[in-house]
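Please read the structure below before turning to the comments.
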Amino acid sequence: MYLLDTNKVADQSRRMSLRFPLAAAICAVVLPTTLQAETPFRFETTPGKLPKDAVPKSYDIHITPNIEKLTFTGSETVDVDLRKAAKTITLNANALTISSAKVVDGRGKTAQPARVAMKVADQTVTLRFGTELARGTHRIALSFAGKINEAGEGLHFANYSEKGTGAEKTMLGTQMEPTDARRLFPCWDEPVFRAKFRLTVTVPASFMAVSNTPVESEKVVGGKKEVRFAETPLMASYLVVLCAGELDAIYGEAEGVRIGVITTKGKAEQGRYALESAEKILKYYNDYFGEKFPLPKLDLIALPSGFGGAMENWGGITFFESILLYDPAKSSEQTKENVFAVLAHEMAHQWFGDLVTMAWWDNLWLNEGFASWMGTKCTDHFNPQWHIWLRANAAKQRAMTTDALSATHPIQQPVRTESEANSAFDEITYQKGQSFLRMLESYLGEEDFRRGIGNYIQAHKYSNTTTADLWNALGESSKKPVSAIAASWTEQPGLPLVTVKSADGRMLAQQELFAVHQENPKPSEWRIPLSYRDIASANATNASVFLLDAKSAALPEVRSDQSVKLNADGIGYYRVQYEPALFARLLAAAAQLSEADKVNLISDTWALVRADRSTIGDYFALVNAVRADHGLALAEQINTTISYIDALCRKAPERPEFQSYARSLLAPAFAQLGWVAKKDEDVATGLLRVELISKLGDLCDEKIVDGARERFAKFIADPKSLAPDLRPPVLDVVGRYADLKTWETLHQLGQQTKSIEEKVNIYRAMAGALAPELANKTLPLALSNEVPSTLTRELVLTVAREGEQPELAWEFSKTHRKEFDAKLSEMGRARFAPSIMKNFNDAARAAELEAYMRENYPAEATSEVNKAAEEIRAKADLKDRILPQMTQWIREQTLVRHD
Ligand SMILES: [Zn+2]
């Protein structure tokens with residue numbers, strides 16, 4: 001699954017985020033070998049809530065939606081293997097009513113359950129029989145009914161106005177992961193219960209229906225269309241998909257697989273870019289995994305609402321429309337990049353997740369960390385112009401920031417409930433997972449790593465695994481102790497800090513937990529593939545690597561007077577702090593470092609400021625030393641920190657002085673680029689221009705604000721006058737400083753457009769308005785029907801963050817709690833209040849959030865609340881510490897310049 005707020009595609013904080021124990025070491029030098037607790041996959045020992053003595057083999061399901069009433073009826077037969085005689089059979093069902101149930105045994109004898117007991121809290125239904133059912137195969141037959149919801153859980157609807165006709169239409173879609181297949185049909189809804197699924201759906205005659213497999217037959221019954229799909233291979237229930245509506249499609253082909261892009265009417269041609277990309281990606285993955293895509297077709301389905309990300313349903317991937325469709329005349333380069341990156345992520349899952357599936361949600365990272373890593377690798381392979389790995393640093397920094405708090409969790413974590421499964425989808429699972437795999441691939445070597453993955457897929461296809469199975473495969477292919485290295489990264493929380501200092505003529509590297517705002521951090525150790533390079537040497541491109549598997553060690557073959565940069569190209573998932581003399585040498589040579597090393601050094605130095613291990617002066621001295629680079633990833637990294645400090649200054653007297661200083665850092669780069677793209681300009685330069693316009697606009701740069709307003713006025717008169725790449729930043733800047741009239745103009749544009757991508761850009765710009773009276777006009781739109789329900793949460797968050805009105809957003813969300821609850825999924829509800837509150841930086845708000853969530857959402861939200869509360873408290877401390885430092889440093893700079 002791809003969650004836009006977890007994976008923030010375009011990593012610009014001004015963007016609407018449509019876009020996650022070690023038992024206390026008794027002796028600090030003992031390495032955490034005890035962490036290797038997990039065993040390879042076995043069905044019987046896999047965690048879960050359902051008993052394992054009834055095992056489903058195949059489902060035959062018939063669903064009939066009633067679109068007027070937003071309800072559905074269904075019936076199913078399930079062939080189940082009873083592994084021992086039993087009087088009860090328990091499976092999952094949620095928000096369903098069951099109207100009939102019976103069981104037929106292998107000899108054709110029918111048994112009626114004496115009781116059908118629904119347990120709402122457990123989301124289960126138990127069929128209780130008067131006499132014991134024999135061991136062996138039985139066919140269960142159930143009839144049931146449920147509701148079609150708006151929140152994107154199970155079968156949901158998406159209302160939209162049709163391109164061309166403007167008619168109001170409804171499309172149906174499903175979102176099952178992690179635990180919502182049970183809202184559409186009673187099932188064994190845990191990933192270890194793989195089964196074959198055969199779906200039939202009865203829809204209006206004008207509808208087209210799509211599922212995991214090709215249509216096997218279609219017939220008209222009573223004026224309606226009955227569509228029967230072919231049976232799936234053995235797969236997990238969370239991968240079932242069913243979409244239907246008045247749809248268009250375009251088709252292509254790659255390596256014998258039919259690839260389709262399916263959209264609402266009139267939009268299919270905008271799927272051309274995704275279709276062509278998917279053809280390339282499919283071939284790339286066929287080669288990489290050494291196993292052909294196993295289904296006859298792969299559909300990419302654009303949903304106009306209902307769900308804000310993308311989901312890897314086998315053979316039928318669903319996307320929120322704005323991250324699948326690309327209109328060359330209107331869409332930006334950033335959209336193109338997002339489309340490719342999300343597609344590459346979801347298609348990687350078709351093998352890693354769908355063909356081979358994690359056994360239980362405690363190993364969710366196997367799916368998500370891997371798909372994130374593989375998707376980025378594939379995107380980079382086809383699109384080196386985007387510098388995607390370097391720019392993935394921004395997402396990695398978010399994971400490392402969370403991971404430095406005590407509220408973090410290990411990559412692999414126990415999951416007991418549906419709520420815990422929901423909260424596992426976070427930056428640790430995705431981004432730490434991806435970063436660790438990248439570090440591991442770099443250490444094992446690309447070819448050994450690939451061979452290990454190929455062997456793993458072969459050994460476990462159509463089955464389930466644990467992390468231990470992956471380490472075993474990689475250990476065999478590389479002949480390196482992968483399990484022992486990996487355990488310290490996946491089974492304990494947090495990340496290491498490596499400190500470097502000279503001693504006795506050598507350079508000593510020492511490791512400890514990197515903690516921010518923690519009172520008594522637990523001592524922890526890692527086996528760190530530590531890379532380093534001598535920046536003064538002629539072949540500074542070559543890095544050395546050694547495994548730091550003790551508390552401290554001397555860097556091999558390095559003298560204390562050398563200038564070494566650790567974590568070459570920033571591939572490792574650890575922080576580095578240099579002793580002052582060494583940092584000074586690095587600072588002096590910083591301009592000569594590679595962009596990747598600059599990005600890494602800048603990121604670490606800022607993290608050290610947050611951890612109270614370095615000063616804001618050190619940070620900005622480094623920024624000054626490298627900023628002439630004009631690299632896109634470097635600019636994004638610096639700008640993220642500038643935004644962060646700017647947000648800390650909200651309502652503080654220091655803000656104008658800081659903004660003026662920050663403008664002086666960014667303006668020279670923009671002066672070189674200007675508003676208009678040069679002929680044959682490279683893609684990264686275009687993206688840098690967008691980045692600088694957004695950021696300078698945020699910092700009240702008058703020329704940028706005037707320039708944006710001028711272009712917006714022309715755009716209104718003639719939309720073609722504004723290059724697609726410039727539309728998002730121009731809208732953002734104009735929206736930020738909007739008056740009522742401008743806001744209303746934007747509103748009109750937002751209501752008129754049929755493009756979801758444009759809607760997202762325009763409503764985001766409106767929500768970013770700084771004027772409180774405009775925030776009060778935007779907030780009710782979040783609950784209206786004029787925006788896709790996907791934007792419900794995002795609009796409020798944008799008012800809080802970009803619009804700088806967390807007080808208004810918070811009050812509004814509390815006043816309308818019940819309405820938001822009805823529109824949001826459980827995952828959305830659990831994250832809503834914490835996401836708003838993270839925009840505050842006073843500690844009292846942390847306590848307020850904790851109390852509010854305890855009162856209103858006791859079971860759902862613990863992990864998100866803990867993280868948010870700790871983040872707020874850490875920010876409050878940081879603000880008190882660094883704002884005075886910052887003012888002093890800026891004044892010193894001004895004095896130096898005047899001297
Ligand atoms: Zn995913």
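For the structure tokens, the naming scheme is as follows: chains receive sequential letters (A, B, ...) according to their order of presentation, residues are indexed from 1 within each chain, and ligands are indexed from 1 in presentation order.
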Query - Within-7 Å residues of ligand 1, basis only C-alpha atoms and all ligand atoms, as a ChimeraX atom specification - result: /A:1-2,311-312,345-346,349,367-368,371-372
Requested in this report: List every residue of region 411-490 of chain A that DSSP, applied to the backbone of this structure, places in helix (DSSP H, G or I), and write the result as number ranges by chain.
Outcome: A: 418-423, 427-444, 446-460, 467-478, 482-490
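Coordinates place CA of Ile262 (chain A) at a distance of 20.9 Å from CA of Tyr238 (chain A).
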Query raised in the report: If we count only C-alpha atoms, what is near Gly309 (chain A) at a cut-off of 7 Å, once residues fewer than 3 positions away on the same chain are taken out, given as a VMD selection string?
Result: chain A and resid 2 to 4 319 to 320
Produce a file of the selected residues containing N, CA, C and O atoms, as a PDB file, in the first residue's frame.
ATOM      1  N   TYR A   2       0.395   2.257  -0.601  1.00  0.00           N
ATOM      2  CA  TYR A   2       1.117   3.512  -0.629  1.00  0.00           C
ATOM      3  C   TYR A   2       0.232   4.556   0.020  1.00  0.00           C
ATOM      4  O   TYR A   2      -0.837   4.864  -0.469  1.00  0.00           O
ATOM      5  N   LEU A   3       0.659   5.079   1.176  1.00  0.00           N
ATOM      6  CA  LEU A   3      -0.130   6.087   1.864  1.00  0.00           C
ATOM      7  C   LEU A   3       0.527   7.417   1.621  1.00  0.00           C
ATOM      8  O   LEU A   3       1.698   7.594   1.918  1.00  0.00           O
ATOM      9  N   LEU A   4      -0.232   8.321   1.092  1.00  0.00           N
ATOM     10  CA  LEU A   4       0.421   9.555   0.683  1.00  0.00           C
ATOM     11  C   LEU A   4       1.002  10.322   1.846  1.00  0.00           C
ATOM     12  O   LEU A   4       2.011  10.957   1.712  1.00  0.00           O
ATOM     13  N   PHE A 319      -5.561   3.311  -7.490  1.00  0.00           N
ATOM     14  CA  PHE A 319      -4.840   4.559  -7.214  1.00  0.00           C
ATOM     15  C   PHE A 319      -5.856   5.671  -7.005  1.00  0.00           C
ATOM     16  O   PHE A 319      -6.869   5.723  -7.702  1.00  0.00           O
ATOM     17  N   PHE A 320      -5.543   6.603  -6.119  1.00  0.00           N
ATOM     18  CA  PHE A 320      -6.250   7.879  -6.129  1.00  0.00           C
ATOM     19  C   PHE A 320      -5.872   8.527  -7.465  1.00  0.00           C
ATOM     20  O   PHE A 320      -4.710   8.547  -7.853  1.00  0.00           O
TER      21      PHE A 320
END
Query raised in the report: Do you know which residues are at most 7 Å from region 686-695 of chain A counting only C-alpha atoms, after dropping those on the same chain fewer than 4 positions away, and could you put them as JSON, numbers by chain?
Result: {"A": [632, 639, 670, 673, 677, 682, 699, 704, 726, 729, 733]}
Selection file, all heavy atoms, as a PDB file, in the first residue's frame:
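Full text of part_23.pdb as output:
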ATOM      1  N   LEU A 632      19.524  19.883  -6.449  1.00  0.00           N
ATOM      2  CA  LEU A 632      18.113  19.815  -6.084  1.00  0.00           C
ATOM      3  C   LEU A 632      17.909  19.168  -4.718  1.00  0.00           C
ATOM      4  O   LEU A 632      17.199  19.694  -3.859  1.00  0.00           O
ATOM      5  CB  LEU A 632      17.355  19.046  -7.170  1.00  0.00           C
ATOM      6  CG  LEU A 632      15.886  18.736  -6.915  1.00  0.00           C
ATOM      7  CD1 LEU A 632      15.084  20.014  -6.736  1.00  0.00           C
ATOM      8  CD2 LEU A 632      15.319  17.913  -8.067  1.00  0.00           C
ATOM      9  N   ASN A 639      15.994  23.493   2.582  1.00  0.00           N
ATOM     10  CA  ASN A 639      14.701  24.173   2.655  1.00  0.00           C
ATOM     11  C   ASN A 639      13.761  23.533   3.666  1.00  0.00           C
ATOM     12  O   ASN A 639      12.956  24.211   4.302  1.00  0.00           O
ATOM     13  CB  ASN A 639      14.030  24.187   1.274  1.00  0.00           C
ATOM     14  CG  ASN A 639      14.771  25.114   0.328  1.00  0.00           C
ATOM     15  OD1 ASN A 639      15.712  25.782   0.723  1.00  0.00           O
ATOM     16  ND2 ASN A 639      14.341  25.149  -0.926  1.00  0.00           N
ATOM     17  N   PHE A 670      17.765  31.487  -6.964  1.00  0.00           N
ATOM     18  CA  PHE A 670      16.624  31.781  -7.831  1.00  0.00           C
ATOM     19  C   PHE A 670      16.969  32.860  -8.852  1.00  0.00           C
ATOM     20  O   PHE A 670      16.539  32.789 -10.014  1.00  0.00           O
ATOM     21  CB  PHE A 670      15.394  32.195  -7.019  1.00  0.00           C
ATOM     22  CG  PHE A 670      14.198  32.430  -7.893  1.00  0.00           C
ATOM     23  CD1 PHE A 670      13.559  31.350  -8.505  1.00  0.00           C
ATOM     24  CD2 PHE A 670      13.745  33.708  -8.184  1.00  0.00           C
ATOM     25  CE1 PHE A 670      12.491  31.541  -9.364  1.00  0.00           C
ATOM     26  CE2 PHE A 670      12.674  33.917  -9.039  1.00  0.00           C
ATOM     27  CZ  PHE A 670      12.041  32.825  -9.634  1.00  0.00           C
ATOM     28  N   LEU A 673      18.249  31.257 -11.813  1.00  0.00           N
ATOM     29  CA  LEU A 673      17.313  30.430 -12.594  1.00  0.00           C
ATOM     30  C   LEU A 673      16.225  31.250 -13.277  1.00  0.00           C
ATOM     31  O   LEU A 673      15.874  30.990 -14.425  1.00  0.00           O
ATOM     32  CB  LEU A 673      16.627  29.401 -11.689  1.00  0.00           C
ATOM     33  CG  LEU A 673      17.518  28.335 -11.066  1.00  0.00           C
ATOM     34  CD1 LEU A 673      16.658  27.371 -10.263  1.00  0.00           C
ATOM     35  CD2 LEU A 673      18.261  27.571 -12.147  1.00  0.00           C
ATOM     36  N   ALA A 677      11.925  28.718 -17.886  1.00  0.00           N
ATOM     37  CA  ALA A 677      12.855  27.619 -18.177  1.00  0.00           C
ATOM     38  C   ALA A 677      13.678  27.943 -19.421  1.00  0.00           C
ATOM     39  O   ALA A 677      13.146  28.452 -20.399  1.00  0.00           O
ATOM     40  CB  ALA A 677      12.071  26.331 -18.387  1.00  0.00           C
ATOM     41  N   ASP A 682      17.887  21.029 -17.873  1.00  0.00           N
ATOM     42  CA  ASP A 682      17.634  19.670 -17.390  1.00  0.00           C
ATOM     43  C   ASP A 682      16.467  19.656 -16.391  1.00  0.00           C
ATOM     44  O   ASP A 682      16.069  20.687 -15.852  1.00  0.00           O
ATOM     45  CB  ASP A 682      18.908  18.987 -16.854  1.00  0.00           C
ATOM     46  CG  ASP A 682      19.458  19.657 -15.629  1.00  0.00           C
ATOM     47  OD1 ASP A 682      18.725  20.442 -14.991  1.00  0.00           O
ATOM     48  OD2 ASP A 682      20.628  19.411 -15.307  1.00  0.00           O
ATOM     49  N   LEU A 699       8.500  32.467   2.564  1.00  0.00           N
ATOM     50  CA  LEU A 699       9.290  33.386   3.385  1.00  0.00           C
ATOM     51  C   LEU A 699       8.977  34.849   3.062  1.00  0.00           C
ATOM     52  O   LEU A 699       9.774  35.736   3.342  1.00  0.00           O
ATOM     53  CB  LEU A 699      10.786  33.110   3.158  1.00  0.00           C
ATOM     54  CG  LEU A 699      11.283  31.737   3.624  1.00  0.00           C
ATOM     55  CD1 LEU A 699      12.653  31.426   3.052  1.00  0.00           C
ATOM     56  CD2 LEU A 699      11.319  31.653   5.149  1.00  0.00           C
ATOM     57  N   ILE A 704       8.819  37.433  -5.354  1.00  0.00           N
ATOM     58  CA  ILE A 704       8.184  36.159  -5.698  1.00  0.00           C
ATOM     59  C   ILE A 704       6.661  36.289  -5.586  1.00  0.00           C
ATOM     60  O   ILE A 704       5.918  35.828  -6.459  1.00  0.00           O
ATOM     61  CB  ILE A 704       8.700  35.024  -4.777  1.00  0.00           C
ATOM     62  CG1 ILE A 704      10.163  34.724  -5.096  1.00  0.00           C
ATOM     63  CG2 ILE A 704       7.845  33.783  -4.879  1.00  0.00           C
ATOM     64  CD1 ILE A 704      10.412  33.968  -6.378  1.00  0.00           C
ATOM     65  N   LEU A 726       4.859  25.268 -13.279  1.00  0.00           N
ATOM     66  CA  LEU A 726       4.767  26.432 -12.392  1.00  0.00           C
ATOM     67  C   LEU A 726       3.396  26.566 -11.730  1.00  0.00           C
ATOM     68  O   LEU A 726       3.215  27.374 -10.824  1.00  0.00           O
ATOM     69  CB  LEU A 726       5.083  27.715 -13.164  1.00  0.00           C
ATOM     70  CG  LEU A 726       6.541  27.881 -13.624  1.00  0.00           C
ATOM     71  CD1 LEU A 726       6.736  29.231 -14.278  1.00  0.00           C
ATOM     72  CD2 LEU A 726       7.510  27.736 -12.436  1.00  0.00           C
ATOM     73  N   PRO A 729       3.337  25.818  -7.663  1.00  0.00           N
ATOM     74  CA  PRO A 729       3.925  26.844  -6.780  1.00  0.00           C
ATOM     75  C   PRO A 729       3.238  28.200  -6.913  1.00  0.00           C
ATOM     76  O   PRO A 729       3.082  28.904  -5.909  1.00  0.00           O
ATOM     77  CB  PRO A 729       5.399  26.919  -7.233  1.00  0.00           C
ATOM     78  CG  PRO A 729       5.432  26.383  -8.615  1.00  0.00           C
ATOM     79  CD  PRO A 729       4.338  25.345  -8.662  1.00  0.00           C
ATOM     80  N   VAL A 733       1.569  30.139  -3.692  1.00  0.00           N
ATOM     81  CA  VAL A 733       1.973  31.470  -3.224  1.00  0.00           C
ATOM     82  C   VAL A 733       0.775  32.422  -3.259  1.00  0.00           C
ATOM     83  O   VAL A 733       0.523  33.162  -2.302  1.00  0.00           O
ATOM     84  CB  VAL A 733       3.147  32.014  -4.083  1.00  0.00           C
ATOM     85  CG1 VAL A 733       3.481  33.450  -3.674  1.00  0.00           C
ATOM     86  CG2 VAL A 733       4.376  31.114  -3.936  1.00  0.00           C
TER      87      VAL A 733
END
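Near Glu226 (chain A), within a cut-off of 6 Å and counting only C-alpha atoms, sit the residues Val201, Thr202, Glu218 and Lys219 of chain A, with same-chain residues fewer than 2 positions away left out.
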Could those residues be written to a file, using all heavy atoms, as a short mmCIF file (atom, residue, chain, number, x, y, z; two decimals), in the first residue's frame?
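The file below, part38.cif, is the result:
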data_model
loop_
_atom_site.label_atom_id
_atom_site.label_comp_id
_atom_site.auth_asym_id
_atom_site.auth_seq_id
_atom_site.Cartn_x
_atom_site.Cartn_y
_atom_site.Cartn_z
N VAL A 201 -20.20 -10.25 -9.79
CA VAL A 201 -20.84 -9.03 -9.31
C VAL A 201 -21.98 -8.68 -10.26
O VAL A 201 -21.86 -8.86 -11.48
CB VAL A 201 -19.81 -7.88 -9.18
CG1 VAL A 201 -19.17 -7.55 -10.52
CG2 VAL A 201 -20.43 -6.64 -8.57
N THR A 202 -23.10 -8.23 -9.69
CA THR A 202 -24.23 -7.79 -10.50
C THR A 202 -24.33 -6.27 -10.40
O THR A 202 -24.53 -5.73 -9.30
CB THR A 202 -25.54 -8.44 -10.01
OG1 THR A 202 -25.38 -9.86 -10.14
CG2 THR A 202 -26.73 -8.00 -10.86
N GLU A 218 -20.02 -12.61 -19.07
CA GLU A 218 -20.92 -11.51 -18.74
C GLU A 218 -22.30 -11.86 -19.27
O GLU A 218 -22.41 -12.36 -20.39
CB GLU A 218 -20.47 -10.22 -19.45
CG GLU A 218 -19.55 -9.36 -18.63
CD GLU A 218 -19.28 -8.00 -19.28
OE1 GLU A 218 -20.12 -7.53 -20.08
OE2 GLU A 218 -18.24 -7.44 -18.96
N LYS A 219 -23.35 -11.60 -18.50
CA LYS A 219 -24.68 -11.80 -19.05
C LYS A 219 -25.63 -10.78 -18.44
O LYS A 219 -25.39 -10.27 -17.34
CB LYS A 219 -25.17 -13.23 -18.82
CG LYS A 219 -25.32 -13.63 -17.39
CD LYS A 219 -25.79 -15.07 -17.28
CE LYS A 219 -25.86 -15.48 -15.82
NZ LYS A 219 -25.92 -16.87 -15.56
#
Report task. Would you mind listing what lies within 8 Å of region 832-849 of chain A as a list of chain:residue names, with only C-alpha atoms counted and same-chain residues fewer than 4 positions away left out? Result -> A:Leu648, A:Arg793, A:Val796, A:Leu797, A:Ala800, A:Arg801, A:Pro806, A:Ala809, A:Trp810, A:Ser813, A:Gly828, A:Met853, A:Glu864, A:Val865, A:Ala868, A:Ala869, A:Glu870, A:Glu871, A:Ile872, A:Arg873, A:Lys875, A:Ala876, A:Lys879
Keeping N, CA and C atoms for every residue in the selection just given, could you write it to a file as a compact mmCIF listing (two decimals), in the first residue's frame?
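Okay, this is what ended up in out.txt:
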# COMPACT_ATOMS: atom_id res chain seq x y z
N LEU A 648 8.76 26.89 13.75
CA LEU A 648 9.05 27.08 15.18
C LEU A 648 8.88 28.55 15.57
N ARG A 793 -9.44 15.06 5.31
CA ARG A 793 -8.41 15.22 6.34
C ARG A 793 -7.35 16.22 5.88
N VAL A 796 -8.02 20.05 6.29
CA VAL A 796 -7.88 20.54 7.67
C VAL A 796 -6.40 20.61 8.06
N LEU A 797 -5.65 19.59 7.68
CA LEU A 797 -4.22 19.58 8.01
C LEU A 797 -3.49 20.72 7.30
N ALA A 800 -4.02 23.86 9.11
CA ALA A 800 -3.20 23.89 10.32
C ALA A 800 -1.74 24.18 9.99
N ARG A 801 -1.24 23.53 8.96
CA ARG A 801 0.21 23.58 8.69
C ARG A 801 0.57 24.75 7.78
N PRO A 806 -3.30 26.27 13.31
CA PRO A 806 -3.63 25.02 14.02
C PRO A 806 -4.74 25.21 15.05
N ALA A 809 -8.04 25.00 13.12
CA ALA A 809 -8.23 23.64 12.61
C ALA A 809 -8.61 22.69 13.75
N TRP A 810 -7.94 22.86 14.86
CA TRP A 810 -8.18 21.98 16.01
C TRP A 810 -9.59 22.19 16.58
N SER A 813 -12.13 20.72 14.18
CA SER A 813 -12.17 19.25 14.15
C SER A 813 -12.82 18.69 15.41
N GLY A 828 -7.57 6.75 9.36
CA GLY A 828 -7.65 8.20 9.24
C GLY A 828 -8.04 8.84 10.56
N MET A 853 -7.53 12.06 23.11
CA MET A 853 -7.56 10.76 22.44
C MET A 853 -7.97 9.66 23.42
N GLU A 864 0.23 6.49 17.38
CA GLU A 864 0.29 7.81 16.75
C GLU A 864 0.28 8.93 17.80
N VAL A 865 -0.49 8.73 18.85
CA VAL A 865 -0.57 9.75 19.90
C VAL A 865 0.77 9.88 20.61
N ALA A 868 3.23 11.70 18.36
CA ALA A 868 2.92 13.12 18.19
C ALA A 868 3.19 13.90 19.47
N ALA A 869 2.79 13.33 20.61
CA ALA A 869 2.98 14.04 21.88
C ALA A 869 4.47 14.26 22.15
N GLU A 870 5.26 13.25 21.89
CA GLU A 870 6.69 13.40 22.14
C GLU A 870 7.31 14.43 21.18
N GLU A 871 6.82 14.40 19.94
CA GLU A 871 7.33 15.35 18.96
C GLU A 871 7.02 16.80 19.38
N ILE A 872 5.80 17.00 19.88
CA ILE A 872 5.42 18.35 20.32
C ILE A 872 6.32 18.80 21.47
N ARG A 873 6.53 17.91 22.43
CA ARG A 873 7.36 18.28 23.59
C ARG A 873 8.80 18.54 23.16
N LYS A 875 9.76 19.61 20.29
CA LYS A 875 9.80 20.89 19.57
C LYS A 875 9.77 22.07 20.53
N ALA A 876 8.97 21.92 21.59
CA ALA A 876 8.88 23.01 22.56
C ALA A 876 10.25 23.29 23.16
N LYS A 879 12.63 24.84 20.51
CA LYS A 879 12.32 26.25 20.24
C LYS A 879 12.98 27.14 21.31
With a cut-off of 9 Å, could you pull out the residues of region 307-421 of chain A touching region 180-196 of chain A and give me the nearest pair of atoms for each, distance in Å to one decimal, using only C-alpha atoms, ordered by chain and ascending number, as JSON lines?
{"residue": "A:Thr357", "atom": "CA", "partner": "A:Pro191", "partner_atom": "CA", "distance": 7.1}
{"residue": "A:Met358", "atom": "CA", "partner": "A:Pro191", "partner_atom": "CA", "distance": 7.1}
{"residue": "A:Ala359", "atom": "CA", "partner": "A:Val192", "partner_atom": "CA", "distance": 5.1}
{"residue": "A:Trp360", "atom": "CA", "partner": "A:Pro191", "partner_atom": "CA", "distance": 6.2}
{"residue": "A:Trp361", "atom": "CA", "partner": "A:Pro191", "partner_atom": "CA", "distance": 8.1}
File of the preceding selection, C-alpha atoms, as a PDB file, in the first residue's frame:
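The result, stored in result_10.pdb:
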ATOM      1  CA  THR A 357       3.229 -12.531   1.440  1.00  0.00           C
ATOM      2  CA  MET A 358       4.273 -11.683   4.972  1.00  0.00           C
ATOM      3  CA  ALA A 359       2.728 -14.238   7.316  1.00  0.00           C
ATOM      4  CA  TRP A 360       1.380 -11.679   9.779  1.00  0.00           C
ATOM      5  CA  TRP A 361       1.270  -7.898  10.240  1.00  0.00           C
TER       6      TRP A 361
END
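Taking only C-alpha atoms into account, Phe449 (chain A) lies nearest to A:Met374 out of the set A:Leu895, A:Leu508, A:Ile148, A:Met374.
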Query raised in the report: So which residues touch region 625-627 of chain A within 10 Å, counting only C-alpha atoms, skipping near sequence neighbours fewer than 3 positions away, as number ranges by chain?
Result: A: 587-593, 595, 598-599, 602, 619-622, 630-631, 634-635, 638, 665-666, 668-669
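Shortest separation to Arg115 (chain A) among A:Thr137, A:Thr64, A:Ile89, A:Glu446 occurs at residue A:Ile89, atoms counted being only C-alpha atoms.
Residue nearest Arg506 (chain A) within the list A:Asp354, A:Asp53, A:Glu519, A:Glu557: A:Glu557 [criterion: smallest interatomic distance, only C-alpha atoms].
Note that the spacing between CA of Lys759 (chain A) and CA of Glu321 (chain A) amounts to 11.0 Å.
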